[in-house]
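Novice: Hey, dropping entry_35.cif in here, mmCIF, C-alpha atoms:
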```
data_upload
loop_
_atom_site.group_PDB
_atom_site.id
_atom_site.type_symbol
_atom_site.label_atom_id
_atom_site.label_comp_id
_atom_site.auth_asym_id
_atom_site.auth_seq_id
_atom_site.Cartn_x
_atom_site.Cartn_y
_atom_site.Cartn_z
ATOM 1 C CA MET U 1 88.040 9.872 77.386
ATOM 2 C CA MET U 2 91.696 10.855 76.959
ATOM 3 C CA PRO U 3 94.332 8.699 78.721
ATOM 4 C CA VAL U 4 95.802 10.093 81.927
ATOM 5 C CA MET U 5 99.092 11.012 80.227
ATOM 6 C CA HIS U 6 97.269 13.748 78.299
ATOM 7 C CA TYR U 7 96.419 15.718 81.441
ATOM 8 C CA TRP U 8 99.384 18.075 81.709
ATOM 9 C CA THR U 9 98.874 21.475 83.347
ATOM 10 C CA PHE U 10 101.075 24.562 83.487
ATOM 11 C CA ASP U 11 101.031 27.452 85.921
ATOM 12 C CA LEU U 12 103.005 30.589 85.222
ATOM 13 C CA ALA U 13 104.232 30.911 88.808
ATOM 14 C CA SER U 14 105.958 27.512 88.679
ATOM 15 C CA LEU U 15 107.486 28.392 85.313
ATOM 16 C CA ALA U 16 108.848 31.595 86.867
ATOM 17 C CA ILE U 17 110.350 29.630 89.792
ATOM 18 C CA LEU U 18 112.063 27.186 87.423
ATOM 19 C CA LEU U 19 113.437 30.067 85.367
ATOM 20 C CA ALA U 20 114.678 31.818 88.510
ATOM 21 C CA LEU U 21 116.453 28.653 89.719
ATOM 22 C CA GLY U 22 118.084 28.234 86.316
ATOM 23 C CA LEU U 23 119.255 31.854 86.265
ATOM 24 C CA LEU U 24 120.519 31.482 89.844
ATOM 25 C CA TYR U 25 122.727 28.578 88.814
ATOM 26 C CA GLY U 26 124.047 30.508 85.815
ATOM 27 C CA SER U 27 124.899 33.508 87.964
ATOM 28 C CA MET U 28 126.551 31.377 90.649
ATOM 29 C CA ALA U 29 128.581 29.470 88.059
ATOM 30 C CA GLY U 30 129.667 32.583 86.173
ATOM 31 C CA TRP U 31 127.617 31.342 83.185
ATOM 32 C CA ARG U 32 129.987 28.400 82.718
ATOM 33 C CA ARG U 33 128.983 24.764 82.740
ATOM 34 C CA GLN U 34 130.641 23.129 85.724
ATOM 35 C CA ARG U 35 130.883 19.673 87.199
ATOM 36 C CA GLY U 36 127.582 18.783 88.820
ATOM 37 C CA ALA U 37 125.499 20.866 86.424
ATOM 38 C CA GLY U 38 123.782 17.688 85.256
ATOM 39 C CA LEU U 39 122.573 16.971 88.792
ATOM 40 C CA TYR U 40 121.220 20.493 89.161
ATOM 41 C CA GLY U 41 119.545 20.216 85.759
ATOM 42 C CA ALA U 42 118.044 16.856 86.743
ATOM 43 C CA GLY U 43 116.601 18.500 89.843
ATOM 44 C CA LEU U 44 114.967 21.209 87.716
ATOM 45 C CA VAL U 45 113.562 18.663 85.260
ATOM 46 C CA LEU U 46 112.121 16.572 88.084
ATOM 47 C CA LEU U 47 110.652 19.692 89.703
ATOM 48 C CA ALA U 48 108.971 20.549 86.395
ATOM 49 C CA LEU U 49 107.557 17.027 86.121
ATOM 50 C CA VAL U 50 106.152 17.172 89.648
ATOM 51 C CA GLN U 51 104.497 20.522 88.973
ATOM 52 C CA PHE U 52 103.252 20.029 85.407
ATOM 53 C CA SER U 53 102.802 16.312 84.734
ATOM 54 C CA PRO U 54 99.590 14.256 85.056
ATOM 55 C CA LEU U 55 100.841 13.278 88.523
ATOM 56 C CA HIS U 56 100.147 16.864 89.604
ATOM 57 C CA THR U 57 96.711 16.830 87.966
ATOM 58 C CA LEU U 58 95.811 13.624 89.799
ATOM 59 C CA ALA U 59 97.085 15.108 93.063
ATOM 60 C CA LEU U 60 94.926 18.212 92.624
ATOM 61 C CA THR U 61 91.734 16.504 91.604
ATOM 62 C CA CYS U 62 91.349 13.018 93.064
ATOM 63 C CA SER U 63 94.394 11.199 94.475
ATOM 64 C CA MET U 64 96.141 11.640 97.805
ATOM 65 C CA SER U 65 98.699 8.975 96.904
ATOM 66 C CA ALA U 66 99.713 11.027 93.834
ATOM 67 C CA HIS U 67 100.007 14.047 96.117
ATOM 68 C CA MET U 68 102.256 12.078 98.480
ATOM 69 C CA ILE U 69 104.537 10.972 95.642
ATOM 70 C CA GLY U 70 104.957 14.624 94.678
ATOM 71 C CA HIS U 71 105.791 15.582 98.267
ATOM 72 C CA MET U 72 108.447 12.909 98.572
ATOM 73 C CA LEU U 73 110.029 13.755 95.235
ATOM 74 C CA LEU U 74 110.286 17.467 96.094
ATOM 75 C CA LEU U 75 111.689 17.002 99.597
ATOM 76 C CA LEU U 76 113.818 13.870 99.220
ATOM 77 C CA VAL U 77 114.965 13.903 95.578
ATOM 78 C CA VAL U 78 114.679 17.355 93.965
ATOM 79 C CA ALA U 79 116.221 19.251 96.889
ATOM 80 C CA PRO U 80 119.288 16.958 97.314
ATOM 81 C CA LEU U 81 119.914 17.110 93.548
ATOM 82 C CA LEU U 82 119.919 20.910 93.663
ATOM 83 C CA VAL U 83 122.381 20.901 96.582
ATOM 84 C CA LEU U 84 124.676 18.328 94.954
ATOM 85 C CA GLY U 85 124.600 20.232 91.667
ATOM 86 C CA LEU U 86 125.724 23.601 93.032
ATOM 87 C CA PRO U 87 128.783 24.975 91.186
ATOM 88 C CA ARG U 88 132.133 23.639 92.415
ATOM 89 C CA ARG U 89 133.808 26.927 91.484
ATOM 90 C CA PRO U 90 131.223 29.587 92.272
ATOM 91 C CA THR U 91 131.623 33.274 91.624
ATOM 92 C CA SER U 92 132.926 35.415 94.465
ATOM 93 C CA TRP U 93 129.543 36.737 95.561
ATOM 94 C CA SER U 94 127.928 33.277 95.593
ATOM 95 C CA ALA U 95 130.961 31.686 97.283
ATOM 96 C CA ALA U 96 130.463 34.046 100.216
ATOM 97 C CA TYR U 97 126.827 32.926 100.634
ATOM 98 C CA ILE U 98 127.761 29.262 100.259
ATOM 99 C CA ASP U 99 130.455 29.648 102.921
ATOM 100 C CA ARG U 100 128.010 31.295 105.312
ATOM 101 C CA LEU U 101 125.357 28.630 104.817
ATOM 102 C CA SER U 102 127.901 25.834 105.169
ATOM 103 C CA ALA U 103 129.291 27.348 108.371
ATOM 104 C CA PHE U 104 125.791 27.847 109.743
ATOM 105 C CA PHE U 105 124.597 24.291 109.096
ATOM 106 C CA SER U 106 127.864 22.805 110.334
ATOM 107 C CA THR U 107 127.183 24.365 113.738
ATOM 108 C CA ALA U 108 123.376 23.933 113.727
ATOM 109 C CA PRO U 109 122.532 20.807 111.721
ATOM 110 C CA TRP U 110 119.553 20.218 113.987
ATOM 111 C CA LEU U 111 117.859 23.192 112.343
ATOM 112 C CA GLY U 112 118.059 21.493 108.944
ATOM 113 C CA TRP U 113 116.571 18.367 110.532
ATOM 114 C CA LEU U 114 113.706 20.345 112.040
ATOM 115 C CA MET U 115 113.055 22.159 108.753
ATOM 116 C CA GLY U 116 112.908 18.934 106.774
ATOM 117 C CA LEU U 117 110.723 16.935 109.152
ATOM 118 C CA GLY U 118 108.717 19.866 110.480
ATOM 119 C CA THR U 119 107.657 21.072 107.042
ATOM 120 C CA MET U 120 106.519 17.601 106.004
ATOM 121 C CA TRP U 121 104.531 17.202 109.218
ATOM 122 C CA PHE U 122 103.044 20.697 108.866
ATOM 123 C CA TRP U 123 101.641 20.038 105.404
ATOM 124 C CA HIS U 124 100.061 16.802 106.610
ATOM 125 C CA ILE U 125 98.047 18.310 109.430
ATOM 126 C CA PRO U 126 94.535 17.619 108.091
ATOM 127 C CA GLY U 127 93.593 21.319 108.038
ATOM 128 C CA THR U 128 96.717 22.510 106.211
ATOM 129 C CA TYR U 129 96.571 19.535 103.862
ATOM 130 C CA ARG U 130 93.030 20.427 102.864
ATOM 131 C CA ALA U 131 93.991 24.083 102.439
ATOM 132 C CA SER U 132 96.820 23.162 100.063
ATOM 133 C CA LEU U 133 94.274 21.502 97.756
ATOM 134 C CA ALA U 134 91.285 23.818 98.205
ATOM 135 C CA HIS U 135 89.747 24.680 94.849
ATOM 136 C CA GLY U 136 86.325 24.869 93.321
ATOM 137 C CA ASP U 137 85.327 22.340 90.686
ATOM 138 C CA THR U 138 84.551 24.363 87.574
ATOM 139 C CA GLY U 139 83.907 21.282 85.465
ATOM 140 C CA ILE U 140 87.187 21.554 83.565
ATOM 141 C CA ILE U 141 90.853 20.868 84.233
ATOM 142 C CA PRO U 142 92.626 24.031 83.023
ATOM 143 C CA LEU U 143 95.711 23.643 80.836
ATOM 144 C CA CYS U 144 97.360 26.842 82.043
ATOM 145 C CA THR U 145 96.778 29.025 85.105
ATOM 146 C CA LEU U 146 98.578 31.852 86.862
ATOM 147 C CA ALA U 147 99.338 30.126 90.182
ATOM 148 C CA GLY U 148 96.749 27.400 90.751
ATOM 149 C CA PRO U 149 93.338 26.031 89.768
ATOM 150 C CA SER U 150 91.226 27.989 92.254
ATOM 151 C CA THR U 151 89.234 31.172 91.794
ATOM 152 C CA ASP U 152 90.251 32.110 95.358
ATOM 153 C CA TRP U 153 93.563 34.020 95.424
ATOM 154 C CA ALA U 154 94.349 32.804 98.979
ATOM 155 C CA ALA U 155 93.978 29.153 97.908
ATOM 156 C CA ASN U 156 96.256 29.791 94.934
ATOM 157 C CA LEU U 157 98.821 31.456 97.207
ATOM 158 C CA ILE U 158 98.877 28.392 99.479
ATOM 159 C CA HIS U 159 99.113 26.192 96.391
ATOM 160 C CA LEU U 160 102.206 28.177 95.329
ATOM 161 C CA VAL U 161 103.888 28.321 98.748
ATOM 162 C CA HIS U 162 103.367 24.608 99.293
ATOM 163 C CA PRO U 163 105.960 23.186 96.794
ATOM 164 C CA ILE U 164 108.392 26.055 97.395
ATOM 165 C CA SER U 165 108.422 25.322 101.131
ATOM 166 C CA LEU U 166 109.022 21.603 100.528
ATOM 167 C CA VAL U 167 112.000 22.247 98.229
ATOM 168 C CA MET U 168 113.502 24.841 100.600
ATOM 169 C CA ALA U 169 113.028 22.524 103.576
ATOM 170 C CA GLY U 170 114.645 19.710 101.604
ATOM 171 C CA VAL U 171 117.631 21.929 100.773
ATOM 172 C CA CYS U 172 118.046 22.815 104.465
ATOM 173 C CA PHE U 173 117.793 19.134 105.425
ATOM 174 C CA ALA U 174 120.286 17.999 102.775
ATOM 175 C CA TRP U 175 122.856 20.796 103.242
ATOM 176 C CA PRO U 176 124.563 19.436 106.406
ATOM 177 C CA LEU U 177 125.052 16.098 104.603
ATOM 178 C CA LEU U 178 125.654 17.093 100.977
ATOM 179 C CA GLY U 179 126.686 20.752 101.073
ATOM 180 C CA PRO U 180 129.244 22.019 98.526
ATOM 181 C CA ARG U 181 131.958 22.415 101.212
ATOM 182 C CA PRO U 182 133.014 18.807 102.078
ATOM 183 C CA SER U 183 135.083 19.984 105.039
ATOM 184 C CA GLN U 184 131.921 21.389 106.652
ATOM 185 C CA ARG U 185 129.653 18.425 106.061
ATOM 186 C CA MET U 186 128.351 16.409 108.960
ATOM 187 C CA PHE U 187 130.574 13.678 110.400
ATOM 188 C CA PRO U 188 129.402 10.346 108.863
ATOM 189 C CA LEU U 189 128.319 8.665 112.115
ATOM 190 C CA THR U 190 126.447 11.799 113.157
ATOM 191 C CA GLY U 191 124.856 11.753 109.712
ATOM 192 C CA VAL U 192 123.714 8.167 110.275
ATOM 193 C CA LEU U 193 121.920 9.259 113.452
ATOM 194 C CA TYR U 194 120.556 12.338 111.621
ATOM 195 C CA LEU U 195 119.012 10.179 108.887
ATOM 196 C CA PHE U 196 117.873 7.359 111.177
ATOM 197 C CA THR U 197 115.898 9.723 113.409
ATOM 198 C CA ALA U 198 114.427 11.349 110.289
ATOM 199 C CA CYS U 199 113.337 7.873 109.181
ATOM 200 C CA ILE U 200 111.555 7.401 112.520
ATOM 201 C CA GLY U 201 109.780 10.743 112.118
ATOM 202 C CA CYS U 202 108.781 9.876 108.551
ATOM 203 C CA SER U 203 107.500 6.455 109.618
ATOM 204 C CA LEU U 204 105.412 7.891 112.456
ATOM 205 C CA LEU U 205 103.753 10.355 110.078
ATOM 206 C CA GLY U 206 103.124 7.593 107.556
ATOM 207 C CA MET U 207 101.531 5.399 110.216
ATOM 208 C CA LEU U 208 99.305 8.239 111.421
ATOM 209 C CA ILE U 209 98.052 8.866 107.883
ATOM 210 C CA THR U 210 97.583 5.155 107.160
ATOM 211 C CA PHE U 211 95.472 4.548 110.267
ATOM 212 C CA ALA U 212 93.701 7.924 110.435
ATOM 213 C CA PRO U 213 89.900 7.812 110.162
ATOM 214 C CA THR U 214 88.680 7.627 106.580
ATOM 215 C CA GLY U 215 88.098 11.104 105.211
ATOM 216 C CA SER U 216 90.606 12.875 107.463
ATOM 217 C CA TYR U 217 92.757 13.684 104.421
ATOM 218 C CA TYR U 218 90.254 13.671 101.613
ATOM 219 C CA PRO U 219 89.210 17.214 100.651
ATOM 220 C CA TYR U 220 88.543 16.551 96.959
ATOM 221 C CA VAL U 221 85.408 18.084 95.473
ATOM 222 C CA PRO U 222 83.169 15.367 93.960
ATOM 223 C CA GLY U 223 82.482 17.257 90.748
ATOM 224 C CA GLN U 224 83.090 16.857 87.036
ATOM 225 C CA SER U 225 86.900 17.147 87.229
ATOM 226 C CA TYR U 226 87.039 14.641 90.087
ATOM 227 C CA TYR U 227 85.031 11.987 88.254
ATOM 228 C CA ALA U 228 86.806 12.699 84.967
ATOM 229 C CA MET U 229 90.194 11.934 86.514
ATOM 230 C CA LEU U 230 88.892 8.901 88.411
ATOM 231 C CA SER U 231 87.803 7.453 85.094
ATOM 232 C CA VAL U 232 91.310 7.655 83.611
ATOM 233 C CA LEU U 233 93.314 6.432 86.602
ATOM 234 C CA PRO U 234 96.015 3.924 85.599
ATOM 235 C CA ALA U 235 95.162 0.275 86.190
ATOM 236 C CA GLY U 236 95.770 -0.706 89.799
ATOM 237 C CA TRP U 237 95.775 2.877 91.111
ATOM 238 C CA PRO U 238 93.670 3.081 94.308
ATOM 239 C CA ALA U 239 90.377 4.835 93.572
ATOM 240 C CA GLU U 240 88.453 4.342 96.813
ATOM 241 C CA PRO U 241 89.118 7.247 99.229
ATOM 242 C CA ALA U 242 89.943 4.957 102.177
ATOM 243 C CA VAL U 243 92.355 2.827 100.130
ATOM 244 C CA ASP U 244 93.937 5.912 98.546
ATOM 245 C CA GLN U 245 94.575 7.449 101.983
ATOM 246 C CA GLN U 246 96.100 4.206 103.255
ATOM 247 C CA MET U 247 98.300 3.952 100.151
ATOM 248 C CA ALA U 248 99.503 7.528 100.680
ATOM 249 C CA GLY U 249 100.424 6.739 104.273
ATOM 250 C CA LEU U 250 102.244 3.567 103.239
ATOM 251 C CA LEU U 251 104.197 5.499 100.594
ATOM 252 C CA MET U 252 105.391 7.885 103.302
ATOM 253 C CA TRP U 253 106.000 5.053 105.754
ATOM 254 C CA VAL U 254 107.959 2.537 103.646
ATOM 255 C CA PRO U 255 109.616 4.100 100.546
ATOM 256 C CA GLY U 256 110.110 7.416 102.351
ATOM 257 C CA CYS U 257 111.862 5.790 105.277
ATOM 258 C CA LEU U 258 113.848 3.601 102.878
ATOM 259 C CA ILE U 259 115.357 6.708 101.262
ATOM 260 C CA TYR U 260 116.606 7.914 104.662
ATOM 261 C CA LEU U 261 117.934 4.462 105.556
ATOM 262 C CA THR U 262 119.723 4.137 102.207
ATOM 263 C CA GLY U 263 121.512 7.416 102.911
ATOM 264 C CA ALA U 264 122.393 6.277 106.431
ATOM 265 C CA ILE U 265 123.832 2.988 105.163
ATOM 266 C CA SER U 266 125.816 4.840 102.500
ATOM 267 C CA LEU U 267 127.320 7.159 105.112
ATOM 268 C CA PHE U 268 128.210 4.243 107.380
ATOM 269 C CA ILE U 269 129.939 2.383 104.542
ATOM 270 C CA HIS U 270 131.823 5.573 103.651
ATOM 271 C CA TRP U 271 132.970 5.901 107.264
ATOM 272 C CA ILE U 272 134.263 2.346 107.618
ATOM 273 C CA THR U 273 136.027 2.397 104.236
ATOM 274 C CA ASP U 274 137.648 5.829 104.584
ATOM 275 C CA ASP U 275 141.041 5.529 106.267
ATOM 276 C CA ASN U 276 140.996 9.187 107.262
ATOM 277 C CA GLU U 277 137.700 8.906 109.159
ATOM 278 C CA ALA U 278 137.424 5.338 110.418
ATOM 279 C CA GLY U 279 139.329 6.005 113.610
ATOM 280 C CA GLN U 280 137.865 9.416 114.369
ATOM 281 C CA ILE U 281 135.241 10.340 116.914
ATOM 282 C CA ALA U 282 132.386 12.579 115.881
ATOM 283 C CA PRO U 283 133.105 16.202 116.800
ATOM 284 C CA VAL U 284 130.925 17.793 119.435
ATOM 285 C CA HIS U 285 129.517 21.259 118.676
#
```
What is this structure when it is put down as structure tokens?

Specialist:
Amino acid sequence: MMPVMHYWTFDLASLAILLALGLLYGSMAGWRRQRGAGLYGAGLVLLALVQFSPLHTLALTCSMSAHMIGHMLLLLVVAPLLVLGLPRRPTSWSAAYIDRLSAFFSTAPWLGWLMGLGTMWFWHIPGTYRASLAHGDTGIIPLCTLAGPSTDWAANLIHLVHPISLVMAGVCFAWPLLGPRPSQRMFPLTGVLYLFTACIGCSLLGMLITFAPTGSYYPYVPGQSYYAMLSVLPAGWPAEPAVDQQMAGLLMWVPGCLIYLTGAISLFIHWITDDNEAGQIAPVH
């Protein structure tokens, strides 16, 4: 049996999305490398790893905890990297869109909050979670597919929309805090509240998954692909369905919340050490 690191998969739809994001950056930057390009590139590389690496294969075939790691990386790491890496000197057409988005989220940051938390909660409703993984076990793990591993086009469409929605929701969530127009970013103390309440929402979802009845989030088909991947799980990876579900919930509950809290602490330190902001009161919109 091949080790788990050999189980890479590629779908043409994800390759097209990565190419489109790369071309978007080039067009926005006027095809010049600008400061922050490394962050944007890191976001694309991480997105590719989430979609093509053995982590994705495990998530599709047998492991909810692998699926949860992918969710958290897309929403809480990939999306902020893409926002932080946007060109500092965009072309005129892209500058107009950036200005509009920055102005919008500066007046309605709550919408970014709802997008970020709401999308994560939506994909962890048991029914939608199962739909995002629905596929028939054909006895093989395909190396390359068009949009997903299922023979059902609707299941493949959901499989494609799923990561796109998480990245877009993450961009909306991160924009009020990290947008390319510093003057239109959220006031630091407001940002602390923004992130702290997101941490509470993340923790509640993690607790619900951790203590949900066994099987509530376990739609994997017990066929040849399922057992093949179980046999190559890394040492210490939870294999029992109940333990795997609890581990997924704990990953959302603890590390996920820690990411929000780390951002909140960073904003608070920035506020108390910045002479221009320490004595200000958060603006009211």

Novice: One decimal, Å: what's the distance from CA of Val4 in chain U over to CA of Leu82 in chain U, could you say?

Specialist: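 CA of Leu82 in chain U lies at a distance of 28.9 Å from CA of Val4 in chain U.
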
Novice: For the provided coordinates, the residues matched by the PyMOL selection byres ((chain U and resi 18-31) around 10) should be stated as a list in words.

Specialist: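 This file gives the following for the PyMOL selection byres ((chain U and resi 18-31) around 10): Leu12, Ala13, Ser14, Leu15, Ala16, Ile17, Arg32, Arg33, Gln34, Ala37, Tyr40, Gly41, Leu44, Val45, Leu47, Ala48, Leu82, Gly85, Leu86, Pro87, Arg88, Arg89, Pro90, Thr91, Ser92, Trp93, Ser94, Ala95 and Ile98 of chain U.
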
Novice: Taking only C-alpha atoms into account, which of U:Ser165, U:Thr9, U:Gln246, U:Thr190 comes nearest Leu267 in chain U?

Specialist: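 When distances to Leu267 in chain U are compared using only C-alpha atoms, the smallest one comes from U:Thr190.
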
Novice: Can you build me a table of range 157-255 of chain U residues sitting at most 8 Å from range 125-135 of chain U, with the closest atom pair per residue and its distance in Å to one decimal, using all atoms listed in the file, sorted by chain and residue number, as JSON lines?

Specialist:
```
{"residue": "U:Ile158", "atom": "CA", "partner": "U:Ser132", "partner_atom": "CA", "distance": 5.7}
{"residue": "U:His159", "atom": "CA", "partner": "U:Ser132", "partner_atom": "CA", "distance": 5.3}
{"residue": "U:His162", "atom": "CA", "partner": "U:Ser132", "partner_atom": "CA", "distance": 6.7}
{"residue": "U:Ser216", "atom": "CA", "partner": "U:Pro126", "partner_atom": "CA", "distance": 6.2}
{"residue": "U:Tyr217", "atom": "CA", "partner": "U:Pro126", "partner_atom": "CA", "distance": 5.7}
{"residue": "U:Tyr218", "atom": "CA", "partner": "U:Arg130", "partner_atom": "CA", "distance": 7.4}
{"residue": "U:Pro219", "atom": "CA", "partner": "U:Arg130", "partner_atom": "CA", "distance": 5.5}
{"residue": "U:Tyr220", "atom": "CA", "partner": "U:Leu133", "partner_atom": "CA", "distance": 7.6}
{"residue": "U:Val221", "atom": "CA", "partner": "U:His135", "partner_atom": "CA", "distance": 7.9}
```

Novice: Report, in Å to a single decimal, how far apart CA of Met252 in chain U and CA of Gly112 in chain U are.

Specialist: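 A separation of 19.4 Å between them.
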
Novice: Translate the PyMOL selection byres ((chain U and resi 114) around 12), as applied to the file shown, into an explicit residue set as a ChimeraX atom specification.

Specialist: /U:105,108-113,115-122,169-170,172-174,194-195,197-198,201

Novice: Counting only C-alpha atoms, what is within 10 Å of Pro3 in chain U, bar same-chain residues fewer than 6 positions away, as a ChimeraX atom specification?

Specialist: /U:54,229,231-234

Novice: Quote the spacing between CA of Phe10 in chain U and CA of Val77 in chain U in Å to one decimal place.

Specialist: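 The value is 21.3 Å.
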
Novice: Go through U:Gly223, U:Gly215, U:Phe187, U:Val243 and flag the residue nearest Ala264 in chain U, using all atoms listed in the file for the distances.

Specialist: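 So, comparing all the options, the nearest one is U:Phe187.
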
Novice: For range 2-19 of chain U, which lacks atoms in the input, supply N, CA and C atoms and format the output as a PDB file, keeping the file's coordinate frame.

Specialist:
```pdb
ATOM      1  N   MET U   2      90.264  10.863  77.221  1.00  0.00           N
ATOM      2  CA  MET U   2      91.696  10.855  76.959  1.00  0.00           C
ATOM      3  C   MET U   2      92.435  10.070  78.045  1.00  0.00           C
ATOM      4  N   PRO U   3      93.545   9.382  77.692  1.00  0.00           N
ATOM      5  CA  PRO U   3      94.332   8.699  78.721  1.00  0.00           C
ATOM      6  C   PRO U   3      94.956   9.694  79.685  1.00  0.00           C
ATOM      7  N   VAL U   4      95.323   9.209  80.868  1.00  0.00           N
ATOM      8  CA  VAL U   4      95.802  10.093  81.927  1.00  0.00           C
ATOM      9  C   VAL U   4      97.035  10.882  81.504  1.00  0.00           C
ATOM     10  N   MET U   5      97.867  10.327  80.624  1.00  0.00           N
ATOM     11  CA  MET U   5      99.092  11.012  80.227  1.00  0.00           C
ATOM     12  C   MET U   5      98.835  12.285  79.433  1.00  0.00           C
ATOM     13  N   HIS U   6      97.598  12.528  79.030  1.00  0.00           N
ATOM     14  CA  HIS U   6      97.269  13.748  78.299  1.00  0.00           C
ATOM     15  C   HIS U   6      96.978  14.931  79.223  1.00  0.00           C
ATOM     16  N   TYR U   7      96.858  14.672  80.523  1.00  0.00           N
ATOM     17  CA  TYR U   7      96.419  15.718  81.441  1.00  0.00           C
ATOM     18  C   TYR U   7      97.607  16.458  82.071  1.00  0.00           C
ATOM     19  N   TRP U   8      98.315  17.202  81.237  1.00  0.00           N
ATOM     20  CA  TRP U   8      99.384  18.075  81.709  1.00  0.00           C
ATOM     21  C   TRP U   8      98.801  19.447  81.994  1.00  0.00           C
ATOM     22  N   THR U   9      99.302  20.109  83.034  1.00  0.00           N
ATOM     23  CA  THR U   9      98.874  21.475  83.347  1.00  0.00           C
ATOM     24  C   THR U   9     100.110  22.348  83.569  1.00  0.00           C
ATOM     25  N   PHE U  10      99.957  23.634  83.332  1.00  0.00           N
ATOM     26  CA  PHE U  10     101.075  24.562  83.487  1.00  0.00           C
ATOM     27  C   PHE U  10     100.587  25.796  84.246  1.00  0.00           C
ATOM     28  N   ASP U  11     101.340  26.185  85.264  1.00  0.00           N
ATOM     29  CA  ASP U  11     101.031  27.452  85.921  1.00  0.00           C
ATOM     30  C   ASP U  11     102.240  28.367  85.792  1.00  0.00           C
ATOM     31  N   LEU U  12     101.952  29.623  85.532  1.00  0.00           N
ATOM     32  CA  LEU U  12     103.005  30.589  85.222  1.00  0.00           C
ATOM     33  C   LEU U  12     103.925  30.824  86.411  1.00  0.00           C
ATOM     34  N   ALA U  13     103.400  30.708  87.622  1.00  0.00           N
ATOM     35  CA  ALA U  13     104.232  30.911  88.808  1.00  0.00           C
ATOM     36  C   ALA U  13     105.312  29.839  88.898  1.00  0.00           C
ATOM     37  N   SER U  14     104.956  28.577  88.643  1.00  0.00           N
ATOM     38  CA  SER U  14     105.958  27.512  88.679  1.00  0.00           C
ATOM     39  C   SER U  14     106.986  27.677  87.568  1.00  0.00           C
ATOM     40  N   LEU U  15     106.541  28.122  86.395  1.00  0.00           N
ATOM     41  CA  LEU U  15     107.486  28.392  85.313  1.00  0.00           C
ATOM     42  C   LEU U  15     108.478  29.486  85.718  1.00  0.00           C
ATOM     43  N   ALA U  16     107.971  30.513  86.410  1.00  0.00           N
ATOM     44  CA  ALA U  16     108.848  31.595  86.867  1.00  0.00           C
ATOM     45  C   ALA U  16     109.863  31.090  87.884  1.00  0.00           C
ATOM     46  N   ILE U  17     109.433  30.190  88.788  1.00  0.00           N
ATOM     47  CA  ILE U  17     110.350  29.630  89.792  1.00  0.00           C
ATOM     48  C   ILE U  17     111.442  28.812  89.121  1.00  0.00           C
ATOM     49  N   LEU U  18     111.071  27.983  88.142  1.00  0.00           N
ATOM     50  CA  LEU U  18     112.063  27.186  87.423  1.00  0.00           C
ATOM     51  C   LEU U  18     113.054  28.082  86.694  1.00  0.00           C
ATOM     52  N   LEU U  19     112.553  29.128  86.063  1.00  0.00           N
ATOM     53  CA  LEU U  19     113.437  30.067  85.367  1.00  0.00           C
ATOM     54  C   LEU U  19     114.373  30.746  86.350  1.00  0.00           C
TER      55      LEU U  19
END
```
